[in-house]
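What follows is a set of notes on a single structure, which appears directly below.
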Amino acid sequence: MSAYDDLIRLVAQLFDTTPRQKEFVKDAGFAAEAVDYSGSSLDAWYRIFAYVQPRQGEDALLKVLLAAEPTLAPLVEAYREEKARNPGRPLDDLDIQAKRAGRGIEAAGKGELPESIRATLAAAKGRLERVSAAIKTLLLYKEMHDLLQKLQVVSGSGRDLRAAAQNVADPTQGLALRRHLQRLEDLYDQTSPWLLGLDPRLQQTERDWIADLRDGINVLKAAINTEDAALALSAFDSVRAILLGATAHMDSRIFGTATSMQLGEVLEMLTVIAGAPEADDQALADIADAISAVTKLSALLLDRVMRHKLWQDADSSIEELSDLVLPNGGAIPPKATRLWSTLSQHMDILLEQNGTEQWRARMTKCVSTMQKRVETKRADYDLVLALEGYRDVALNQFVEVDIELKANCASLHGVSTPLDLLLRRL
């Protein structure tokens with residue numbers, strides 16, 4: 001158990017009433033009603049820390065806790081040393097529940113289990129193994145999604161690269177396209193080890209788009225070497241369509257894997273083990289804590305992947321809109337106008353659900369600027385610049401959503417690892 005967990009456990013025992021917890025949050029400089037205090041005292045304190053950490057309020061919270069209970073000093077110091085050794089992103093609610101679930105599963109796997117309980121668990125072993133496999137698969141899909149998304153971010157505007165393909169004989173444009181080709185080849189090199197990590201039954205669907213990508217890269221390479229503009233443009237468009245399709249496909253795989261993950265099987269396993277008469281009090285406390293955590297994990301995971309899906313849909317619409325809007329001085333294509341209308345409604349939802357106030361203010365300004373350009377009905381450079389500004393600000397938030405979900409998927413390995421160890425004993 002970490003120093004962080006030790007600290008929160010003791011704090012939860014010392015200050016176990018909601019009014020007292022609200023006082024600490026208020027004294028640390030935050031609105032008392034901003035935190036959810038439902039559930040056990042331990043649940044509430046994990047959420048309090050999860051709320052103040054990304055808002056640079058943890059030091060203030062620790063200060064008021066120490067003022068109220070000076071004996072916490074050794075644990076606070078141990079936590080600060082632990083944090084200094086492992087700096088990084090603060091844990092969010094899903095990470096916390098995964099840690100609690102993993103700790104309980106680990107405790108459940110340490111003791112001797114009666115034969116009747118072992119038999120019950122053995123009968124469920126196949127289902128539990130599928131849960132563990134789904135957790136590992138989820139992270140693999142997220143890793144490939146992020147590789148694809150990173151390529152899109154690094155490559156920049158598809159419009160500029162398309163122009164480079166049309167002018168591949170120009171030294172500057174040809175160099176830009178060669179750099180893009182190199183990034184594509186780097187991505188392709190990473191697909192083979194990634195594919196081997198997947199269950200063989202899941203590999204064939206992925207092999208198809210990877211083979212298409214390889215073929216498209218080869219055609220693009222040949223077009224660049226021969227400075228064939230028509231072939232370069234055709235190959236670029238083909239590869240771009242493959243990558244956009246693969247990114248959306250990965251998002252669909254992430255969503256499908258997360259929503260079909262049967263974490264209820266883990267809950268049933270823990271409930272069965274909690275009934276073992278030989279379990280010691282500490283193990284039972286950890287198992288009971290894990291049962292509480294697992295009941296929340298499914299809903300939290302669904303929330304994360306749903307938010308990710310909404311952003312992926314918005315990102316795909318922005319890319320499609322970018323391809324439609326060309327600065328030729330003519331009328332905006334009707335399809336682009338319809339797409340912008342749909343995207344605007346979509347972004348209204350995302351503005352309510354995501355980001356800091358500063359990001360929402362920037363995004364609202366970009367939406368307003370873009371709307372004014374659309375109302376002119378002219379596809380000119382002002383419209384293109386407005387759209388690129390809109391895309392950049394939106395993409396900043398999508399990257400944050402990507403990072404959070406990636407960390408969440410990694411946190412779930414804290415459930416699958418002790419689960420695997422327990423299953424080996426059956």
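Residue numbering restarts at 1 for every chain of the structure tokens, chains are lettered A, B, ... in their displayed order, and ligands are numbered from 1 as they appear.
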
Checklist entry - What's the 9 Å shell around range 148-160 of chain A, counting only C-alpha atoms, without same-chain residues fewer than 2 positions away, as JSON, numbers by chain? => result {"A": [143, 144, 145, 146, 162, 163, 164, 165, 179, 180, 183, 184, 187, 240, 243, 244, 246, 247, 319, 322, 323, 326, 388, 395, 399]}

What would the file look like if the residues just selected were written as a JSON list (two decimals), in the first residue's frame with N, CA and C atoms?
[["chain", "number", "residue", "atom", "x", "y", "z"],
["A", 143, "GLU", "N", -3.51, 2.63, -27.26],
["A", 143, "GLU", "CA", -2.15, 2.95, -27.70],
["A", 143, "GLU", "C", -2.09, 3.17, -29.21],
["A", 144, "MET", "N", -2.77, 2.31, -29.98],
["A", 144, "MET", "CA", -2.76, 2.51, -31.43],
["A", 144, "MET", "C", -3.56, 3.76, -31.81],
["A", 145, "HIS", "N", -4.66, 3.99, -31.14],
["A", 145, "HIS", "CA", -5.41, 5.22, -31.40],
["A", 145, "HIS", "C", -4.53, 6.44, -31.21],
["A", 146, "ASP", "N", -3.73, 6.43, -30.16],
["A", 146, "ASP", "CA", -2.90, 7.59, -29.86],
["A", 146, "ASP", "C", -1.77, 7.76, -30.88],
["A", 162, "ARG", "N", -1.75, 18.20, -48.93],
["A", 162, "ARG", "CA", -2.36, 17.92, -50.23],
["A", 162, "ARG", "C", -1.77, 18.84, -51.30],
["A", 163, "ALA", "N", -1.55, 20.09, -50.91],
["A", 163, "ALA", "CA", -0.92, 21.04, -51.84],
["A", 163, "ALA", "C", 0.50, 20.61, -52.17],
["A", 164, "ALA", "N", 1.19, 20.05, -51.15],
["A", 164, "ALA", "CA", 2.55, 19.56, -51.39],
["A", 164, "ALA", "C", 2.54, 18.41, -52.39],
["A", 165, "ALA", "N", 1.53, 17.54, -52.29],
["A", 165, "ALA", "CA", 1.43, 16.42, -53.23],
["A", 165, "ALA", "C", 1.18, 16.92, -54.64],
["A", 179, "ARG", "N", 8.92, 14.22, -45.66],
["A", 179, "ARG", "CA", 8.85, 14.16, -44.19],
["A", 179, "ARG", "C", 7.58, 13.46, -43.72],
["A", 180, "HIS", "N", 6.49, 13.75, -44.41],
["A", 180, "HIS", "CA", 5.23, 13.06, -44.09],
["A", 180, "HIS", "C", 5.35, 11.57, -44.35],
["A", 183, "ARG", "N", 7.16, 9.89, -41.53],
["A", 183, "ARG", "CA", 6.28, 9.68, -40.37],
["A", 183, "ARG", "C", 5.34, 8.50, -40.59],
["A", 184, "LEU", "N", 4.85, 8.37, -41.81],
["A", 184, "LEU", "CA", 3.98, 7.23, -42.14],
["A", 184, "LEU", "C", 4.73, 5.91, -42.00],
["A", 187, "LEU", "N", 5.14, 5.03, -38.37],
["A", 187, "LEU", "CA", 3.90, 4.48, -37.84],
["A", 187, "LEU", "C", 3.73, 3.03, -38.26],
["A", 240, "ARG", "N", -4.57, 9.12, -46.47],
["A", 240, "ARG", "CA", -5.28, 9.96, -45.49],
["A", 240, "ARG", "C", -6.61, 9.33, -45.12],
["A", 243, "LEU", "N", -6.01, 6.37, -42.79],
["A", 243, "LEU", "CA", -5.64, 6.77, -41.43],
["A", 243, "LEU", "C", -6.85, 7.31, -40.66],
["A", 244, "LEU", "N", -7.66, 8.14, -41.31],
["A", 244, "LEU", "CA", -8.85, 8.66, -40.65],
["A", 244, "LEU", "C", -9.82, 7.53, -40.31],
["A", 246, "ALA", "N", -8.96, 4.37, -39.81],
["A", 246, "ALA", "CA", -8.35, 3.55, -38.76],
["A", 246, "ALA", "C", -8.51, 4.21, -37.39],
["A", 247, "THR", "N", -8.38, 5.55, -37.35],
["A", 247, "THR", "CA", -8.54, 6.26, -36.07],
["A", 247, "THR", "C", -9.96, 6.10, -35.55],
["A", 319, "GLU", "N", -11.97, 17.51, -39.42],
["A", 319, "GLU", "CA", -11.10, 17.11, -40.52],
["A", 319, "GLU", "C", -11.86, 17.11, -41.85],
["A", 322, "SER", "N", -12.38, 20.63, -42.93],
["A", 322, "SER", "CA", -11.13, 21.21, -43.44],
["A", 322, "SER", "C", -10.88, 20.81, -44.88],
["A", 323, "ASP", "N", -11.25, 19.58, -45.23],
["A", 323, "ASP", "CA", -11.06, 19.11, -46.61],
["A", 323, "ASP", "C", -12.02, 19.80, -47.58],
["A", 326, "LEU", "N", -11.98, 25.23, -49.17],
["A", 326, "LEU", "CA", -10.80, 25.62, -49.94],
["A", 326, "LEU", "C", -10.85, 27.12, -50.18],
["A", 388, "GLU", "N", -8.86, 26.90, -38.94],
["A", 388, "GLU", "CA", -7.62, 26.36, -38.38],
["A", 388, "GLU", "C", -7.45, 26.75, -36.92],
["A", 395, "LEU", "N", -8.42, 20.78, -30.71],
["A", 395, "LEU", "CA", -7.47, 19.67, -30.64],
["A", 395, "LEU", "C", -6.71, 19.68, -29.32],
["A", 399, "VAL", "N", -6.57, 16.34, -27.00],
["A", 399, "VAL", "CA", -5.32, 15.74, -26.52],
["A", 399, "VAL", "C", -5.40, 15.48, -25.02]]

Checklist entry - Using only C-alpha atoms, which residues sit within 9 Å of Asn328 in chain A once same-chain residues fewer than 4 positions away are excluded, as a PyMOL selection string? => result chain A and resi 378-381

Checklist entry - Given the choices A:Ala31, A:Val294, A:Leu284, A:Ile254, which gets closest to Gly111 in chain A if the distance is worked out from only C-alpha atoms? => result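 Of A:Ala31, A:Val294, A:Leu284, A:Ile254, the one nearest Gly111 in chain A is A:Leu284, counting only C-alpha atoms.
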
Next on the checklist: Show me, as a list in words, the residues that have an atom within 8 Å of range 329-338 of chain A when counting only C-alpha atoms, minus same-chain residues fewer than 3 positions from it.
Outcome noted: Leu321, Leu324, Val325, Ser341, Thr342, Val374, Lys377, Arg378, Ala379 and Asp380 of chain A

Item to check | Atomic separation - CA of Ser132 in chain A relative to CA of Leu301 in chain A, Å | outcome: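 Between these atoms lies a distance of 14.9 Å.
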
Next on the checklist: Counting only C-alpha atoms, which residue out of A:Leu302, A:Ser368, A:Ile273, A:Gly197 sits closest to Ser116 in chain A?
Outcome noted: A:Ile273

Checklist entry - Which polymer residues have any atom within 10 Å of an atom of Ser411 in chain A, counting only C-alpha atoms, with same-chain residues fewer than 4 positions away left out, as number ranges by chain? => result A: 91, 94-99, 102, 135, 139, 405-407, 415-416

Checklist entry - Nearest to Asp5 in chain A among A:Lys372, A:Asn218, A:Leu128, A:Val76, with distances taken over only C-alpha atoms: which residue is it? => result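 Using only C-alpha atoms, the shortest distance to Asp5 in chain A belongs to A:Val76.
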
Checklist entry - Suppose you want the space between CA of Gln204 in chain A and CA of Leu140 in chain A; what is it in Å? => result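 Spanning CA of Gln204 in chain A to CA of Leu140 in chain A is a straight-line distance of 15.1 Å.
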
Next on the checklist: Between A:Val272, A:Thr191, A:Asp228, A:Glu352, which residue has the minimum interatomic distance to Ile105 in chain A, considering only C-alpha atoms?
Outcome noted: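 With only C-alpha atoms as the atom set, the closest residue is A:Val272.
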
Checklist entry - For Ala283 in chain A, which of A:Thr257, A:Asp16, A:Gly109, A:Ala134 is the closest residue, counting only C-alpha atoms? => result A:Gly109

Item to check | All residues 12 Å or closer to Asp6 in chain A, only C-alpha atoms, same chain fewer than 6 positions away omitted, as a PyMOL selection string | outcome: chain A and resi 12-13+42+45-46+72+74-79+82+100

Next on the checklist: Could you tell me how far CA of Leu263 in chain A sits from CA of Phe398 in chain A, in Å to one decimal place?
Outcome noted: 27.0 Å
